[in-house]
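Student: The structure's right below; bear with me while I get my questions together.
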Amino acid sequence: GLQQVLKREGYEVELAHDGLSVLKMLGEGDLPDLVLLDLAMPELDGEEVLRRMRADPRLRELPVLLATASAIDLDTMPRVAGFLRKPYPREVLFAMLDTLLEGGS
């Protein structure tokens with residue numbers, strides 16, 4: 001559902017349903033401008049995906065917006081560009097995306 005909402009707002013969206021797919025997509029071709037990531041995913045959770053991204057020189061600086069209903073331990077969480085706690089209003093998501101993408105979609 002979120003993919004369609006974002007597309008209607010003019011964002012280009014690629015979807016991955018699990019952590020391994022996220023890393024595979026990021027390892028192929030051009031990098032996206034931003035990754036919107038949930039902590040609760042099958043295969044690899046979002047925290048492990050973040051750890052692997054931050055350990056990879058190619059992905060280290062890629063902005064990540066963490067949007068999750070899961071509890072977040074800021075002391076152990078790898079660096080992200082922003083956090084959203086589910087459920088969140090769409091307007092808050094769009095504002096955060098605009099800020100992180102510097103007004104572009």
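Here, A, B, ... name the chains of the structure tokens in the order displayed, residue numbers run from 1 inside each chain, and ligands are numbered from 1 in the same displayed order.
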Give me the residues within 9 Å of Pro63 (chain A) as a PyMOL selection string, counting only C-alpha atoms and dropping any in the same chain fewer than 6 places off.

Tutor: chain A and resi 33-36+80-82+100

Student: Give me, as an mmCIF file with N, CA, C and O atoms, in the first residue's frame, all polymer residues having an atom no more than 9 Å from Ser70 (chain A), counting only C-alpha atoms and skipping those fewer than 2 positions away in the same chain.

Tutor:
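The resulting selection.cif:
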```
data_model
loop_
_atom_site.group_PDB
_atom_site.id
_atom_site.type_symbol
_atom_site.label_atom_id
_atom_site.label_comp_id
_atom_site.auth_asym_id
_atom_site.auth_seq_id
_atom_site.Cartn_x
_atom_site.Cartn_y
_atom_site.Cartn_z
ATOM 1 N N ASP A 38 12.204 -0.692 7.281
ATOM 2 C CA ASP A 38 11.536 -1.142 8.496
ATOM 3 C C ASP A 38 12.499 -2.051 9.257
ATOM 4 O O ASP A 38 13.345 -2.705 8.647
ATOM 5 N N LEU A 39 12.392 -2.087 10.567
ATOM 6 C CA LEU A 39 13.220 -3.016 11.350
ATOM 7 C C LEU A 39 12.716 -4.447 11.257
ATOM 8 O O LEU A 39 13.497 -5.381 11.242
ATOM 9 N N ALA A 40 11.403 -4.628 11.204
ATOM 10 C CA ALA A 40 10.805 -5.965 11.228
ATOM 11 C C ALA A 40 10.674 -6.493 9.797
ATOM 12 O O ALA A 40 9.754 -6.123 9.074
ATOM 13 N N ALA A 67 11.466 3.581 9.413
ATOM 14 C CA ALA A 67 10.052 3.718 9.751
ATOM 15 C C ALA A 67 9.586 2.388 10.314
ATOM 16 O O ALA A 67 9.521 1.399 9.585
ATOM 17 N N THR A 68 9.298 2.355 11.607
ATOM 18 C CA THR A 68 9.023 1.078 12.237
ATOM 19 C C THR A 68 8.108 1.214 13.443
ATOM 20 O O THR A 68 8.038 2.273 14.053
ATOM 21 N N ILE A 72 13.249 0.827 19.302
ATOM 22 C CA ILE A 72 14.546 1.235 18.765
ATOM 23 C C ILE A 72 15.493 1.513 19.917
ATOM 24 O O ILE A 72 15.179 2.293 20.806
ATOM 25 N N ARG A 85 7.999 6.624 13.747
ATOM 26 C CA ARG A 85 7.356 5.577 14.549
ATOM 27 C C ARG A 85 5.989 5.284 13.939
ATOM 28 O O ARG A 85 5.179 6.182 13.774
ATOM 29 N N LYS A 86 5.757 4.019 13.568
ATOM 30 C CA LYS A 86 4.448 3.607 13.044
ATOM 31 C C LYS A 86 3.453 3.502 14.178
ATOM 32 O O LYS A 86 3.828 3.088 15.262
#
```

Student: Neighbouring residues of Met41 (chain A) were defined as those with any atom within 9 Å, considering only C-alpha atoms; residues of the same chain fewer than 4 positions away were excluded. Please report them as a list of chain:residue names.

Tutor: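 In the requested form, the answer reads A:His17, A:Asp18, A:Gly19, A:Asp45, A:Gly46.
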
Student: Separation of CA of Ala16 (chain A) and CA of Glu48 (chain A), in Å?

Tutor: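 Taking CA of Ala16 (chain A) as the start and CA of Glu48 (chain A) as the end point, the length is 15.0 Å.
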
Student: Taking only chain A into account, list the residues labelled strand (DSSP E) by DSSP (computed from the backbone), as a list in words.

Tutor: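 Residues of chain A classed as strand (DSSP E): Val35, Leu36, Leu37, Val64, Leu65, Leu66, Ala67, Thr68, Gly82, Phe83, Leu84 and Arg85 of chain A.
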
Student: Looking only at the backbone, which of the residues in chain A does DSSP tag as alpha helix (DSSP H), as an MDAnalysis selection string?

Tutor: chainID A and resid 2:8 19:27 46:55 90:100

Student: Would you kindly return, as a ChimeraX atom specification, each protein, DNA or RNA residue with an atom no farther than 9 Å from any atom of Met96 (chain A), considering only C-alpha atoms and excluding same-chain residues fewer than 3 positions away?

Tutor: /A:65,82,84,91-93,99-101

Student: When you draw a straight line from CA of Gln3 (chain A) to CA of Asp98 (chain A), how long is it in Å?

Tutor: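 Separation of CA of Gln3 (chain A) and CA of Asp98 (chain A): 16.1 Å.
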
Student: Please measure the separation of CA of Leu15 (chain A) and CA of Leu2 (chain A), giving the value in Å to one decimal.

Tutor: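 One can read the CA of Leu15 (chain A) to CA of Leu2 (chain A) distance as 9.8 Å.
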
Student: I need the residue nearest Leu26 (chain A) from this list: A:Arg90, A:Arg79, A:Arg58, A:Lys7. Use only C-alpha atoms for the distance.

Tutor: A:Arg58

Student: From the list A:Asp56, A:Glu47, A:Glu9, A:Glu14, which residue is nearest Gly27 (chain A) when using only C-alpha atoms?

Tutor: A:Asp56

Student: Here is a test: counting only C-alpha atoms, which residue of A:Arg52, A:Tyr88, A:Arg60, A:Glu43 is nearest to Ser21 (chain A)?

Tutor: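 Among the listed residues, the smallest separation from Ser21 (chain A) belongs to A:Glu43.
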